[in-house]
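Visitor: Sending over coords30.txt (compact mmCIF, C-alpha atoms).
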```txt
# COMPACT_ATOMS: atom_id res chain seq x y z
CA MET A 279 78.93 76.62 91.66
CA ALA A 280 81.96 78.59 92.57
CA ALA A 281 84.80 79.41 90.23
CA THR A 282 82.60 80.17 87.27
CA ALA A 283 84.86 81.68 84.71
CA GLY A 284 87.02 83.30 87.30
CA LEU A 285 89.11 84.68 84.52
CA PRO A 286 92.17 86.46 85.85
CA ALA A 287 92.45 90.00 84.61
CA GLY A 288 94.76 90.39 81.69
CA SER A 289 94.79 86.71 80.78
CA GLY A 290 93.95 85.73 77.25
CA GLY A 291 95.90 88.70 76.08
CA ASP A 292 98.08 86.57 73.86
CA PHE A 293 95.15 84.57 72.53
CA VAL A 294 94.78 85.15 68.83
CA PHE A 295 91.13 85.63 68.02
CA PRO A 296 89.97 84.50 64.61
CA VAL A 297 88.99 87.15 62.11
CA PHE A 298 85.29 86.39 62.39
CA TYR A 299 85.36 87.46 66.04
CA ASN A 300 85.34 91.06 64.83
CA TYR A 301 82.35 90.64 62.49
CA PRO A 302 79.23 91.96 64.22
CA PRO A 303 76.93 89.51 62.36
CA MET A 304 78.69 86.63 64.06
CA PHE A 305 77.17 87.75 67.34
CA THR A 306 73.63 87.28 66.13
CA LEU A 307 72.14 83.97 65.22
CA GLN A 308 71.91 83.75 61.44
CA PRO A 309 68.47 83.02 60.04
CA VAL A 310 69.73 81.14 56.96
CA LYS A 311 70.27 77.51 57.90
CA GLU A 312 73.61 77.00 56.12
CA SER A 313 75.20 80.15 57.45
CA GLN A 314 73.90 79.40 60.92
CA GLN A 315 75.44 75.96 60.84
CA LYS A 316 78.72 77.43 59.73
CA GLN A 317 78.47 80.10 62.39
CA ARG A 318 77.79 77.61 65.16
CA LEU A 319 80.69 75.45 64.04
CA LEU A 320 83.07 78.40 64.14
CA TRP A 321 81.89 79.46 67.59
CA LYS A 322 82.13 75.96 68.97
CA ASP A 323 85.71 75.69 67.84
CA LEU A 324 86.49 79.10 69.25
CA ILE A 325 85.04 78.25 72.66
CA LEU A 326 87.14 75.13 72.91
CA ARG A 327 90.32 76.84 71.84
CA TYR A 328 89.74 79.84 74.06
CA CYS A 329 89.04 77.74 77.14
CA LYS A 330 92.02 75.53 76.49
CA HIS A 331 94.29 78.50 76.05
CA ASN A 332 93.14 80.13 79.27
CA ARG A 333 92.58 76.87 81.13
CA ILE A 334 88.92 77.72 81.76
CA HIS A 335 86.67 74.86 82.72
CA MET A 336 83.39 76.56 83.49
CA VAL A 337 81.65 78.73 80.94
CA PRO A 338 78.63 80.68 82.19
CA ALA A 339 75.59 81.07 79.98
CA GLU A 340 73.48 83.49 81.99
CA ASP A 341 72.62 86.91 80.71
CA ALA A 342 74.18 88.58 83.69
CA ASP A 343 77.48 86.75 83.27
CA ASP A 344 80.03 88.73 81.41
CA PHE A 345 82.22 86.02 80.01
CA PRO A 346 84.93 87.87 78.06
CA LEU A 347 84.73 85.59 75.06
CA PHE A 348 81.04 86.25 74.55
CA HIS A 349 81.43 89.98 74.76
CA ASN A 350 83.53 91.73 72.16
CA ARG A 351 83.95 95.21 73.56
CA ALA A 352 85.83 96.41 70.52
CA ILE A 353 82.75 96.10 68.32
CA ASN A 354 80.31 96.35 71.22
CA ARG A 355 78.61 93.05 70.51
CA ARG A 356 77.66 90.24 72.84
CA LEU A 357 75.93 86.91 72.57
CA SER A 358 72.40 86.52 73.80
CA ARG A 359 71.57 83.87 76.38
CA GLU A 360 69.76 81.82 73.72
CA PHE A 361 72.77 81.85 71.48
CA LYS A 362 75.07 80.86 74.33
CA VAL A 363 72.80 78.00 75.36
CA LEU A 364 72.57 76.86 71.76
CA LEU A 365 76.34 76.85 71.35
CA LEU A 366 77.04 75.13 74.65
CA ASP A 367 74.30 72.64 73.91
CA ASP A 368 76.04 71.84 70.63
CA LEU A 369 79.21 71.18 72.56
CA VAL A 370 77.40 69.05 75.12
CA ARG A 371 75.84 66.94 72.35
CA GLN A 372 79.21 66.17 70.79
CA GLY A 373 80.83 65.41 74.15
CA GLY A 374 82.87 68.58 74.38
CA ALA A 375 81.00 69.96 77.35
CA LEU A 376 78.67 69.11 80.21
CA TRP A 377 75.86 71.19 81.65
CA SER A 378 76.73 71.90 85.22
CA ASP A 379 73.03 71.97 86.20
CA LYS A 380 69.65 71.33 84.72
CA SER A 381 68.77 74.99 84.28
CA GLN A 382 71.77 75.35 81.99
CA ARG A 383 73.30 78.26 83.80
CA ALA A 384 76.80 77.17 83.04
CA ALA A 385 78.63 74.41 81.25
CA LEU A 386 81.82 72.54 81.92
CA VAL A 387 83.88 72.79 78.78
CA LEU A 388 85.97 69.72 78.20
CA TRP A 389 88.73 70.98 76.00
CA ARG A 390 90.37 67.79 77.03
CA GLY A 391 88.17 64.71 77.12
CA ILE A 392 87.40 62.91 80.36
CA LYS A 393 89.51 60.00 79.14
CA GLU A 394 92.44 62.28 78.49
CA TRP A 395 92.06 63.84 81.91
CA ALA A 396 91.94 60.38 83.44
CA ASP A 397 95.25 59.59 81.75
CA VAL A 398 96.75 62.85 82.94
CA ILE A 399 95.63 62.14 86.49
CA TYR A 400 96.95 58.62 86.48
CA GLN A 401 100.28 59.71 85.02
CA TRP A 402 100.52 62.39 87.67
CA ALA A 403 99.75 59.90 90.46
CA ARG A 404 102.36 57.49 89.17
CA GLY A 405 104.88 60.28 88.86
CA CYS A 406 104.29 61.25 92.47
CA GLY A 407 104.46 57.65 93.65
CA PHE A 408 100.85 57.61 94.83
CA GLU A 409 100.10 54.06 93.82
CA ASP A 410 98.50 52.28 96.76
CA SER A 411 98.07 55.47 98.67
CA VAL A 412 95.37 57.99 99.34
CA VAL A 413 95.14 61.52 98.00
CA THR A 414 92.31 63.88 98.75
CA VAL A 415 90.42 65.46 95.91
CA ASP A 416 91.43 68.83 97.31
CA GLU A 417 95.07 67.91 97.09
CA MET A 418 94.56 67.11 93.41
CA GLN A 419 93.16 70.55 92.70
CA THR A 420 95.30 72.91 94.70
CA GLY A 421 98.35 72.86 96.85
CA VAL A 422 101.93 71.75 96.61
CA LEU A 423 101.20 68.40 95.01
CA VAL A 424 99.74 69.82 91.81
CA GLU A 425 101.45 73.18 91.64
CA GLY A 426 102.72 73.73 88.15
CA THR A 427 101.08 70.59 86.77
CA GLU A 428 98.18 70.39 84.36
CA LEU A 429 95.91 69.34 87.17
CA GLU A 430 96.20 72.63 89.01
CA GLY A 431 92.82 74.31 89.14
CA LEU A 432 91.03 71.46 87.40
CA HIS A 433 87.30 71.63 87.98
CA ARG A 434 86.13 69.25 90.66
CA GLU A 435 83.37 67.83 88.49
CA VAL A 436 85.81 67.02 85.70
CA LEU A 437 88.21 65.56 88.22
CA VAL A 438 85.58 63.35 89.80
CA ARG A 439 84.36 62.12 86.41
CA ALA A 440 87.90 61.31 85.33
CA VAL A 441 88.55 59.44 88.58
CA LYS A 442 85.34 57.48 88.05
CA LEU A 443 86.64 56.48 84.64
CA LEU A 444 89.87 55.36 86.28
CA GLU A 445 87.72 53.38 88.68
CA GLN A 446 86.24 51.49 85.75
CA GLN A 447 89.75 50.81 84.50
CA GLY A 448 90.72 49.52 87.92
CA LYS A 449 93.29 52.20 88.50
CA ALA A 450 91.71 54.27 91.24
CA LYS A 451 88.82 54.43 93.64
CA LEU A 452 86.94 57.41 94.89
CA PHE A 453 85.71 57.21 98.47
CA LYS A 454 84.32 59.41 101.16
CA GLU A 455 85.51 60.10 104.60
CA ALA A 456 83.41 58.79 107.47
CA ALA A 457 82.35 62.30 108.45
CA GLY A 458 81.49 62.74 104.82
CA ASP A 459 82.81 66.09 103.79
CA ASP A 460 86.08 65.15 102.20
CA GLU A 461 86.61 62.89 99.26
CA GLY A 462 89.71 60.88 98.69
CA VAL A 463 91.12 58.88 95.84
CA LYS A 464 93.12 55.75 96.27
CA PHE A 465 95.29 54.86 93.32
CA PHE A 466 96.07 51.30 92.37
CA THR A 467 98.73 49.71 90.28
CA ALA A 468 97.08 48.90 86.98
CA ALA A 469 97.00 45.21 86.32
CA MET B 1210 80.80 48.79 78.86
CA GLY B 1211 79.25 45.73 80.44
CA GLN B 1212 82.41 43.86 79.64
CA LEU B 1213 84.44 46.54 81.33
CA VAL B 1214 82.38 46.31 84.49
CA SER B 1215 82.52 42.53 84.58
CA LYS B 1216 86.29 42.39 84.47
CA LYS B 1217 86.64 45.30 86.83
CA PRO B 1218 89.22 44.35 89.42
CA LYS B 1219 88.54 44.62 93.10
CA LEU B 1220 89.31 48.05 94.35
CA GLU B 1221 89.34 47.76 98.07
CA ILE B 1222 89.33 50.64 100.43
CA ASN B 1223 90.49 49.48 103.81
CA ASP B 1224 90.41 51.08 107.22
CA VAL B 1225 93.91 52.41 106.81
CA ASP B 1226 92.88 54.30 103.65
CA ARG B 1227 89.91 55.74 105.48
CA ALA B 1228 92.11 56.75 108.40
CA VAL B 1229 94.54 58.45 106.03
CA LEU B 1230 91.72 60.35 104.38
CA THR B 1231 90.35 61.44 107.74
CA LEU B 1232 93.75 62.64 108.83
CA LYS B 1233 94.28 64.48 105.57
CA SER B 1234 90.85 66.02 105.96
CA GLN B 1235 91.85 67.14 109.45
CA VAL B 1236 95.01 68.66 108.05
CA ARG B 1237 92.95 70.66 105.59
CA LYS B 1238 90.61 71.89 108.31
CA LEU B 1239 93.47 72.79 110.62
CA GLU B 1240 95.13 74.69 107.82
CA GLN B 1241 91.92 76.57 107.18
CA GLN B 1242 91.66 77.42 110.85
CA ARG B 1243 95.28 78.48 110.87
CA THR B 1244 94.67 80.85 107.97
CA ARG B 1245 91.66 82.29 109.75
CA ILE B 1246 93.59 82.88 112.97
CA GLN B 1247 96.47 84.40 111.08
CA ALA B 1248 94.03 86.84 109.49
CA ALA B 1249 92.67 87.66 112.95
CA ILE B 1250 96.18 88.24 114.26
CA ASP B 1251 96.95 90.60 111.42
CA ARG B 1252 93.65 92.39 111.96
CA GLU B 1253 94.23 92.94 115.70
CA GLN B 1254 97.72 94.14 115.01
CA GLN B 1255 96.44 96.64 112.50
CA MET B 1256 93.72 97.73 114.87
CA ALA B 1257 96.16 98.20 117.73
CA ARG B 1258 98.30 100.41 115.54
CA GLU B 1259 95.35 102.53 114.52
CA LEU B 1260 94.14 102.85 118.11
CA VAL B 1261 97.56 103.93 119.29
CA ALA B 1262 97.62 106.49 116.54
CA ALA B 1263 94.20 107.69 117.67
CA GLY B 1264 95.47 107.93 121.24
CA ARG B 1265 93.15 105.24 122.64
CA LYS B 1266 95.69 103.34 124.61
CA ASP B 1267 93.34 101.12 126.60
CA ARG B 1268 91.62 99.84 123.47
CA ALA B 1269 94.98 99.33 121.78
CA LEU B 1270 96.15 97.28 124.74
CA LEU B 1271 93.03 95.15 124.48
CA ALA B 1272 93.65 94.55 120.80
CA LEU B 1273 97.23 93.55 121.54
CA LYS B 1274 96.05 91.17 124.26
CA LYS B 1275 93.62 89.61 121.80
CA ARG B 1276 96.42 89.23 119.33
CA LYS B 1277 98.52 87.48 121.96
CA LEU B 1278 95.63 85.13 122.60
CA GLN B 1279 95.26 84.35 118.92
CA GLU B 1280 98.97 83.79 118.59
CA GLY B 1281 98.81 81.26 121.39
CA GLN B 1282 96.02 79.46 119.54
CA ALA B 1283 97.99 79.55 116.33
CA ALA B 1284 100.94 77.95 118.08
CA LYS B 1285 98.64 75.24 119.44
CA LEU B 1286 97.26 74.65 115.96
CA ASP B 1287 100.76 74.36 114.56
CA GLY B 1288 101.49 71.73 117.17
CA LEU B 1289 98.34 69.84 116.24
CA LEU B 1290 99.18 70.02 112.57
CA LEU B 1291 102.60 68.62 113.29
CA ASN B 1292 101.04 65.78 115.25
CA VAL B 1293 98.64 64.92 112.46
CA GLU B 1294 101.42 65.03 109.89
CA GLU B 1295 103.44 62.78 112.12
CA ALA B 1296 100.57 60.32 112.40
CA LEU B 1297 100.28 60.29 108.60
CA GLY B 1298 103.99 59.63 108.32
CA ASN B 1299 103.74 56.83 110.87
CA ILE B 1300 100.93 55.17 108.95
CA GLU B 1301 102.98 55.28 105.79
CA THR B 1302 106.06 53.89 107.50
CA THR B 1303 104.12 51.11 109.17
CA GLN B 1304 102.47 50.22 105.88
CA SER B 1305 105.76 49.94 104.09
CA GLN B 1306 107.17 47.93 106.97
CA GLN B 1307 104.26 45.55 106.67
CA ARG B 1308 104.79 45.27 102.94
CA ILE B 1309 108.48 44.56 103.41
CA PHE B 1310 107.75 42.01 106.10
CA GLY B 1311 105.28 40.31 103.77
CA ALA B 1312 107.81 40.28 100.97
CA LEU B 1313 110.50 38.85 103.21
CA LYS B 1314 108.11 36.19 104.44
CA GLU B 1315 107.26 35.22 100.89
CA ALA B 1316 110.90 35.03 99.97
CA ASN B 1317 111.54 32.86 102.99
CA THR B 1318 108.72 30.52 102.07
CA ALA B 1319 110.02 30.28 98.55
CA VAL B 1320 113.50 29.43 99.77
CA LYS B 1321 112.07 26.77 102.08
CA GLN B 1322 110.03 25.29 99.28
CA MET B 1323 113.07 25.12 97.06
CA GLN B 1324 115.05 23.53 99.84
CA GLN B 1325 112.33 20.96 100.34
CA ALA B 1326 112.49 20.15 96.66
CA LEU B 1327 116.16 19.34 97.19
CA PRO B 1328 116.49 17.05 100.29
CA LEU B 1329 119.83 16.63 101.98
CA GLU B 1330 119.79 12.85 101.47
CA ASP B 1331 119.55 13.37 97.74
CA VAL B 1332 122.57 15.62 97.81
CA GLU B 1333 124.46 13.12 99.93
CA GLN B 1334 123.46 10.35 97.55
CA LEU B 1335 124.61 12.47 94.63
CA MET B 1336 127.95 13.22 96.21
CA GLN B 1337 128.38 9.56 97.08
CA ASP B 1338 127.55 8.57 93.53
CA SER B 1339 130.06 10.95 92.06
CA ALA B 1340 132.70 9.76 94.54
CA ASP B 1341 131.97 6.20 93.50
CA ALA B 1342 132.26 7.12 89.88
CA LYS B 1343 135.57 8.80 90.56
CA ALA B 1344 136.88 5.78 92.44
CA TYR B 1345 135.79 3.51 89.62
CA GLU B 1346 137.54 5.71 87.12
CA ASP B 1347 140.68 5.77 89.22
CA SER B 1348 140.85 2.04 89.50
CA LEU B 1349 140.16 1.73 85.81
CA ARG B 1350 143.01 4.09 85.02
CA GLN B 1351 145.30 2.21 87.37
CA LEU B 1352 144.50 -1.07 85.70
CA LEU B 1353 145.08 0.33 82.27
CA GLY B 1354 148.21 2.16 83.46
CA GLU B 1355 149.72 -1.04 84.89
CA SER B 1356 149.13 -2.91 81.69
CA LEU B 1357 151.03 -0.23 79.85
CA ASN B 1358 153.90 0.24 82.30
CA PRO B 1359 156.58 -2.42 81.53
CA ALA B 1360 157.11 -1.48 77.92
CA GLU B 1361 156.93 2.20 78.76
CA GLU B 1362 159.44 1.81 81.56
CA GLU B 1363 161.93 -0.01 79.39
CA ALA B 1364 161.77 2.66 76.76
CA ALA B 1365 162.16 5.39 79.37
CA ALA B 1366 165.19 3.68 80.93
CA ALA B 1367 166.82 3.29 77.53
CA GLU B 1368 166.26 6.94 76.78
CA LEU B 1369 167.74 7.97 80.09
CA GLN B 1370 170.91 5.99 79.42
CA GLN B 1371 171.22 7.52 76.03
CA LEU B 1372 170.84 11.02 77.44
CA GLU B 1373 173.46 10.37 80.11
CA ALA B 1374 175.93 9.10 77.56
CA GLN B 1375 175.32 12.11 75.38
CA LEU B 1376 175.85 14.43 78.31
CA LEU B 1377 179.14 12.80 79.28
CA ASP B 1378 180.37 13.07 75.69
CA GLU B 1379 179.62 16.76 75.58
CA GLN B 1380 181.39 17.34 78.87
CA GLY B 1381 184.44 15.41 77.74
CA MET B 1382 184.67 17.60 74.63
CA GLU B 1383 184.18 20.83 76.40
CA MET B 1384 186.56 20.10 79.28
CA PRO B 1385 189.80 21.46 77.83
CA LYS B 1386 188.09 24.66 76.82
CA ALA B 1387 187.03 25.44 80.43
CA PRO B 1388 189.69 27.70 81.93
CA THR B 1389 188.27 28.52 85.35
CA ALA B 1390 185.62 27.04 87.58
CA VAL B 1391 183.92 30.41 88.03
CA ALA B 1392 183.46 31.02 84.32
CA ARG B 1393 182.05 27.53 83.88
CA ALA B 1394 179.61 27.98 86.68
CA GLU B 1395 178.51 31.31 85.25
CA ALA B 1396 178.02 29.81 81.82
CA ALA B 1397 176.02 26.97 83.32
CA ALA B 1398 173.84 29.37 85.26
CA ALA B 1399 173.25 31.48 82.14
CA ALA B 1400 172.30 28.36 80.21
CA ALA B 1401 169.89 27.38 82.94
CA GLN B 1402 168.29 30.80 82.81
CA GLU B 1403 168.05 30.75 79.05
CA GLN B 1404 166.33 27.40 78.89
CA PRO B 1405 164.16 26.57 81.85
CA GLY B 1406 163.73 23.10 80.44
CA GLY B 1407 167.41 22.48 80.58
CA ALA B 1408 167.70 23.54 84.20
CA VAL B 1409 167.85 19.99 85.45
CA ALA B 1410 170.64 19.12 83.08
CA ALA B 1411 172.54 22.22 84.11
CA ALA B 1412 172.07 21.41 87.78
CA VAL B 1413 173.36 17.91 87.19
CA THR B 1414 176.43 19.03 85.26
CA SER B 1415 177.61 22.01 87.23
CA PRO B 1416 178.94 20.30 90.41
CA GLU B 1417 180.88 17.85 88.29
CA GLU B 1418 182.35 20.61 86.22
CA VAL B 1419 183.33 22.55 89.29
CA LEU B 1420 185.17 19.53 90.60
CA LEU B 1421 186.90 18.94 87.29
CA ALA B 1422 187.95 22.57 87.05
CA GLN B 1423 189.29 22.57 90.57
CA LEU B 1424 191.22 19.36 90.20
CA PRO B 1425 194.28 20.69 88.38
CA SER B 1426 194.77 23.42 90.97
CA VAL B 1427 195.04 20.96 93.82
CA PRO B 1428 198.52 19.57 93.14
CA LYS B 1429 199.89 23.08 92.42
CA THR B 1430 200.01 24.18 96.04
CA PRO B 1431 202.26 21.45 97.40
CA VAL B 1432 204.57 21.86 94.39
CA GLN B 1433 204.93 25.58 94.95
CA LEU B 1434 205.50 25.09 98.63
CA ALA B 1435 208.08 22.44 97.97
CA GLU B 1436 209.96 24.73 95.65
CA GLY B 1437 209.91 27.81 97.88
CA GLU B 1438 210.60 26.36 101.32
CA PRO B 1439 212.11 22.93 101.78
CA VAL B 1440 211.30 22.85 105.53
CA GLU B 1441 207.60 22.77 105.06
CA PRO B 1442 207.19 19.39 103.29
CA GLU B 1443 208.56 17.69 106.42
CA LYS B 1444 205.85 19.25 108.47
CA GLU B 1445 203.18 18.16 106.16
CA PRO B 1446 203.06 14.47 107.01
CA ALA B 1447 202.67 15.50 110.63
CA MET B 1448 199.77 17.69 109.77
CA LEU B 1449 198.20 14.97 107.75
CA ALA B 1450 198.61 12.54 110.61
CA ALA B 1451 197.07 15.03 113.00
```
Represent the structure of the file as structure tokens.
Guide:
Amino acid sequence: MAATAGLPAGSGGDFVFPVFYNYPPMFTLQPVKESQQKQRLLWKDLILRYCKHNRIHMVPAEDADDFPLFHNRAINRRLSREFKVLLLDDLVRQGGALWSDKSQRAALVLWRGIKEWADVIYQWARGCGFEDSVVTVDEMQTGVLVEGTELEGLHREVLVRAVKLLEQQGKAKLFKEAAGDDEGVKFFTAA
Amino acid sequence: MGQLVSKKPKLEINDVDRAVLTLKSQVRKLEQQRTRIQAAIDREQQMARELVAAGRKDRALLALKKRKLQEGQAAKLDGLLLNVEEALGNIETTQSQQRIFGALKEANTAVKQMQQALPLEDVEQLMQDSADAKAYEDSLRQLLGESLNPAEEEAAAAELQQLEAQLLDEQGMEMPKAPTAVARAEAAAAAAQEQPGGAVAAAVTSPEEVLLAQLPSVPKTPVQLAEGEPVEPEKEPAMLAA
């Protein structure tokens, strides 16, 4: 999985961290059930807001990964792998994230639901006049067609899932090239 | 969810779509290759510069030759890219042409269907019917008009006589007041302009008035001549005879 949290240097500078982010106890899993629940809720919300603000789709959960959110240098505290997995698992269970693989090395954070992304994609396609025509998945991620739009840099997995939802709605179809290494999407006029 | 799947419309991917995707895929690969070659060109250029700086002319020349080679390849790639883009454009144009042709064909069929629904004979029949109706109405009006005419005509004739009499009376009263023919004619013309309805009356009266106004002046000339020169009246009968 490429592009895991490829956070550009200096980004997130204008993100306002909540006050609890500077409390060292927040970086260790609380033993008391109520406080732990509260703690997990706060973190979950923070992850979603942080990723949305910085347009991050993939959040790594490995020990070696130094995801800026999970490492508060100011107070020299970082989340353990267990804690990260627990938090991301919470998100996955409520539909706010997807594990990118079975070993839970990283999770796709859906700060915008698949359905919302599907709407964004379809609106974009309509706006570009792509009804009844073919666009490659690559073109929907990078390049002149999506420059400056919300789709730019969207994670392929999220994109493919959203397109599959559009497929169910009869608005698009994902298909593969004969040689098999490029995927394309054909958009349809919604009935 | 099952409901969603069951009413899922047909999403067909045809050969054209596949061809477009393949072409677009080729574009991507060509662009990748182009980037790679550009990097190689830049690298050889850099190397040549360094070698020249180091005084190794033969190696620098080699690097420059390599760069030339790469540049040639890049140009070829650009040509290919252009071709592929052109093919993509052609597909799109042909597709839209097909769509337009289809639409035109449909429109044509629709027009034909509508025309079939309205046969020429029916139209002819309709026109004939309306002509018949008009003829019937005309004859009806004529019949009714004839039955009305005698009384109407009598009344109209009586009115005309009355109007003529009235007109003559007015002229007889106004006559002495008219000093010159020109003034009368002017007055008549002004009256005609003022009342368009009365134009006919004015047209009828004016020649008469002119004659009446001129009449008195006719005998004046011979009288004056007779008074001034006695020789002339003798000549006059000769002139009249001539």
Visitor: Determine which residues of chain A sit within 10 Å of chain B, taking into account all atoms listed in the file, and present them as a ChimeraX atom specification.
Guide: /A:410-417,445-466,468-469
Visitor: Measure the distance from atom CA of A:Phe298 to atom CA of A:Cys329 in Å and round it to one decimal.
Guide: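 Computed distance, atom CA of A:Phe298 to atom CA of A:Cys329, equals 17.5 Å.
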Visitor: Just checking: using only C-alpha atoms, which residue out of A:Asp343, A:Gly421, A:Leu307, A:His335 ends up closest to A:Gly391?
Guide: A:His335
Visitor: Between atom CA of A:Lys393 and atom CA of A:Arg439, what is the distance in Å, rounded to a tenth?
Guide: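 Distance reported for this atom pair: 9.2 Å.
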Visitor: For A:Leu326, work out the shell of residues within 8 Å, counting only C-alpha atoms and skipping chain neighbours fewer than 6 positions away, then give it as a ChimeraX atom specification.
Guide: /A:374,387-389
Visitor: In terms of the shortest atom-to-atom distance over all atoms listed in the file, which of A:Leu432, A:Arg355, A:Lys311, A:Val337 is closest to A:Ala396?
Guide: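 Between A:Leu432, A:Arg355, A:Lys311, A:Val337, the residue approaching A:Ala396 most closely is A:Leu432.
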Visitor: So what do you get for atom CA of A:Leu366 versus atom CA of A:Ala385, distance-wise?
Guide: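 Taking atom CA of A:Leu366 and atom CA of A:Ala385, their separation equals 6.8 Å.
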Visitor: Let me make sure I understand: among B:Ile1250, B:Leu1329, B:Leu1349, B:Ala1342, which one has the smallest atom-to-atom distance to B:Lys1277 if we use only C-alpha atoms?
Guide: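 Selected residue with least distance to B:Lys1277: B:Ile1250.
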Visitor: Starting from the point (95.4, 80.4, 75.4), work out which residues of protein, DNA or RNA have an atom no more than 6 Å away when counting only C-alpha atoms; state them as number ranges by chain.
Guide: A: 290, 293, 328, 331-332
